[in-house]
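Please read the structure below before turning to the comments.
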Amino acid sequence: MELSSFIKVLRKHKYTLVIVPLVTIVITFFLVRNQPDNYPSEAQIATGIVDDTQAALNPNSDAASDNKIAQQFSNLITMLKSKKMLDQVSYQIMIHDLTSKDPYNKPSKLVQQLVPAARKHAVDVYTDLYNKRQALSLFDKDQKGLHDVLVSMKYDDQSLLQKLGVYRTDNSDYVTVSFESADPNLSAKVVNTLCSEFINYYTLLVKENQHKAVTFYGRLLKAKEDTLNKRMDQLKNYKIKNRILSLDELASTTYDQISNYESKLQEAKKDAVANAAAINDIDRQFDPADRKYVESSMMRINQQIVRTRTHLQAANDAYIQSGFDAAYQSRIDSLQRILNLQIVQSSDRYIVNPLNNKQNLIQQKLTLQVNYDLAKNGINSIQNELNKLNSRLTTLTPHEAVVQANESAIQIARDEYMDILNRYNQTSLESSFSTQLRQIQTAMPGAAQPSKKMLLVIISGIVSFTFCIVVLFVLFYMDNSIKNPREMANATKIPVLGYLHRLSGATLDLRQIWSNANPDAEIRQFKNLVQSIRYEIDHDLKDEKILLVNSINAGEGKTFLALNLAYAYSHVNKKVLLIDGDFTKPDITEAVKPKTYLEDYLAGTLSLTDFAPGAKIAVLGNKGGDISVLEASTAEVIENRIALLKNQFDIIIVKASPLSSLNKSKEWAAFANKIVTVFKAGQTLKDQKKQHIEYLKNLNGKFIGWVLNEVDKGQVPPTE
């Protein structure tokens with residue numbers, strides 16, 4: 001497929017490309033000449049969605065994403081264009097036209113047929129539906145009739161929607177509503193009514209939803225408050241019943257006391273062990289006589305020391321039981337000083353053995369004995385206190401689990417309560433403000449738009465011209481027919497010897513064509529094409545003389561080619577014999593009306609001397625009939641008779657039956673030296689034709705090529 005070929009197709013249909021757009025332009029002009037002018041009108045609605053100046057009306061609102069903002073605007077625009085809103089507009093303008101002496105549009109046939117009672121009924125129904133914001137029911141016969149009235153006036157929602165424009169102005173906070181009609185007042189009325197109805201409906205819808213939300217959150221808040229109070233009362237009663245002030249502080253204090261007593265216990269055990277070891281070490285340094293002497297001489301002072309030690313032990317126990325209160329520490333220190341003084345006095349009164357000077361050891365033993373007794377008694381007191389504290393801690397554990405469970409439930413209830421409280425406060429605040437939608441620009445009757453009539457006329461011409469080109473291109477693209485020699489050669493892979501144009505004129509006189517010394521350009525070109533074909537055939541024939549001219553189907557021009565080849569050969573001074581071998585359709589015989597017939601020649605009743613002497617072109621016709629050449633005579637006789645003709649003529653041209661006649665054409669192929677097949681341009685190569693082409697290819701070189709007939713002059717370059 002080439003651009004040049006398509007351009008040739010366009011040139012061929014140039015009158016179509018001119019006439020069709022002109023007709024379209026004329027028709028469009030008559031259709032739009034009476035079209036009324038359009039008057040646009042528009043208004044703007046501020047939504048408050050992206051307006052920062054209105055942010056104070058909703059201080060808790062967060063910055064919305066672009067997708068969310070786009071979705072909000074989409075919802076508003078969809079609601080503006082909804083049937084519910086457009087029905088309200090339809091009712092109002094229909095009521096105006098039915099009740100006013102100056103309607104917006106010319107009354108339709110249905111409106112003109114309404115009697116006064118019907119008009120009043122229609123107005124009442126429209127008014128009632130308007131007040132109730134309801135649509136006409138098409139199931140109701142009466143309301144369906146009223147709907148038909150709206151449609152007839154083009155006031156229904158679908159008609160209004162066709163001329164209604166609703167869009168967001170750039171990326172601003174505003175929504176623009178526009179409408180155009182043949183009446184400027186109607187355009188303004190539709191826009192203002194739609195904006196007003198939308199704002200009222202949207203405000204009512206928002207307020208209703210806000211009221212429902214406040215009521216819902218109020219009930220939910222009361223329920224959450226009751227739950228929280230119930231949980232708190234349960235915890236309070238449990239603490240009162242179990243005498244619990246602060247469980248966490250009490251447990252913490254108990255843990256601290258246990259840790260402190262355990263430290264003191266370890267310290268007391270360490271002191272007791274150390275003092276016992278020191279006493280045992282001193283005792284090993286005394287013999288039994290020394291100890292007896294000392295004990296007998298120190299009885300009175302020892303009794304005083306024992307009493308002081310008893311008082312010191314009691315003070316130490318009280319100190320431990322008080323949790324190591326500092327108030328008991330001063331009494332312990334005082335008793336300790338008295339005990340030390342008594343030990344010193346006992347040391348001064350010692351009457352020691354003159355053999356041993358062990359006064360210091362005795363004093364140390366007495367001191368260590370006192371410390372050991374204090375530590376030993378302290379261990380028991382500390383252990384008792386530890387047991388009491390552990391017992392107290394054990395009793396606190398069940399209370400801790402119950403208190404923690406109650407406190408956790410209280411915290412959950414408090415969180416839920418605060419969350420609902422925040423939502424309730426926010427919803428209450430939002431409901432106290434008016435809606436953010438407001439109409440900031442009122443629609444006014446506008447001037448007429450520039451006329452689009454001429455533009456429509458021009459567009460119609462352009463569209464029709466483009467449509468013609470598209471149709472021609474589709475036909476060209478889908479056209480698989482053979483139009484020129486190159487396409488034929490590419491499709492069959494067989495050489496094309498030449499081509500012939502269709503000559504103008506109703507009838508053709510070949511004798512006049514080939515005898516005219518000064519032909520016109522068309523005849524001259526035609527003769528050049530035939531002579532070119534004759535040259536190509538001579539090149540393939542060489543010394544052979546029998547040329548068979550056939551075709552795939554009937555009516556493709558093999559008779560025309562055979563006659564013209566005969567004239568072409570005669571012009572190069574060759575003696576030509578033209579045989580009409582098509583018994584079914586003997587066109588050459590009918591055209592020339594010869595006196596010699598093929599049947600007579602094959603039967604032997606006609607000899608070579610019977611041919612016109614001195615004639616450059618001799619013709620053997622046939623008598624017709626549904627026969628083939630082998631039915632006229634045997635193959636041997638035919639070969640012998642043709643051999644005689646070869647001696648008499650320079651070239652023998654046989655016009656055979658088409659290949660579609662099967663054996664009638666193929667029988668002639670056995671006697672021919674070369675075969676030329678005529679193919680009419682404009683045909684497609686279907687499967688049946690491809691079978692005949694394969695037959696021609698398998699004729700062992702007899703088939704020398706095609707001659708393409710009736711080729712369009714625009715498909716090939718002109719010849720000189």
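Please note that chains go A, B, ... in the order of the structure tokens, that every chain numbers its residues from 1, and that ligands are numbered from 1 in the order shown.
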Would you pick out the contacts of Val637 of chain A at 12 Å or less, using only C-alpha atoms, so that residues sharing its chain but fewer than 3 positions from it are not included, and give the list as a PyMOL selection string? chain A and resi 599+601-604+629-634+640-644+671
Output file for the selection above: C-alpha atoms, as a compact mmCIF listing (two decimals), in the first residue's frame:
```txt
# COMPACT_ATOMS: atom_id res chain seq x y z
CA GLU A 599 -13.78 -27.81 -38.66
CA TYR A 601 -9.75 -27.58 -42.38
CA LEU A 602 -9.38 -30.40 -39.84
CA ALA A 603 -11.79 -32.58 -41.83
CA GLY A 604 -9.70 -32.07 -45.02
CA VAL A 629 -10.89 -29.26 -30.40
CA LEU A 630 -10.22 -32.96 -29.78
CA GLU A 631 -13.87 -33.65 -30.43
CA ALA A 632 -13.49 -31.98 -33.81
CA SER A 633 -10.59 -34.28 -34.81
CA THR A 634 -7.89 -36.53 -33.43
CA ASN A 640 -0.35 -32.64 -38.86
CA ARG A 641 -2.71 -29.96 -40.03
CA ILE A 642 -1.11 -27.35 -37.73
CA ALA A 643 2.33 -28.35 -39.05
CA LEU A 644 1.15 -27.48 -42.55
CA PHE A 671 -0.76 -27.93 -29.42
```
For this session: Show which residues sit within 6 Å of segment 174-179 of chain A, as a PyMOL selection string. Count only C-alpha atoms, and ignore same-chain residues fewer than 2 positions away.
Result: chain A and resi 40-46+163-169+172+187
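Here the question is which of A:Val470, A:Leu429, A:Val576, A:Leu565 gets nearest to Ala213 of chain A using only C-alpha atoms, and that residue is A:Leu429.
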Among A:Tyr155, A:Tyr424, A:Tyr39, A:Phe139, His211 of chain A is approached most closely, using only C-alpha atoms, by A:Tyr424
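The interatomic distance for the pair atom CA of Lys84 of chain A and atom CA of Ala135 of chain A works out to 7.0 Å.
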For Arg414 of chain A, please output as a ChimeraX atom specification all residues within 12 Å (counting only C-alpha atoms; exclusion window: fewer than 5 positions along the same chain). /A:221,223-232,407-409,419-421
Atom CA of Thr596 of chain A sits from atom CA of Trp514 of chain A at a separation of 23.4 Å
Separating atom CA of Leu548 of chain A from atom CA of Lys655 of chain A, to the nearest tenth of an Å, is a gap of 6.1 Å
Restricting to only C-alpha atoms, whichever of A:Leu696, A:Val678, A:Leu685, A:Ala70 is closest to Glu710 of chain A is A:Val678
Item to complete: Pick out the residues sitting within 9 Å of Lys558 of chain A, and hand them over as number ranges by chain; count only C-alpha atoms, and ignore anything fewer than 4 positions along from it in its own chain.
Response: A: 549-551, 554, 562-563, 655-656, 658, 677-679, 709
Q | Who sits within 10 Å of Val707 of chain A, only C-alpha atoms, same chain under 4 positions skipped, as a ChimeraX atom specification | A | /A:485,488,495-500,530,533,549,551,557-558,561,676-681
Q) What's the 12 Å shell around Met79 of chain A, counting only C-alpha atoms, without same-chain residues fewer than 6 positions away, as a list in words? A)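 Listing them by chain and then by number gives Gln72, Phe73, Met85, Leu86, Val166, Tyr167, Leu194, Cys195, Glu197, Phe198, Ile199, Tyr201, Tyr202 and Leu205 of chain A.
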From the options A:Asp97, A:Lys154, A:Glu416, A:Ile410, which residue's atoms come nearest to Asp233 of chain A, counting only C-alpha atoms?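 Among the listed residues, the smallest separation from Asp233 of chain A belongs to A:Ile410.
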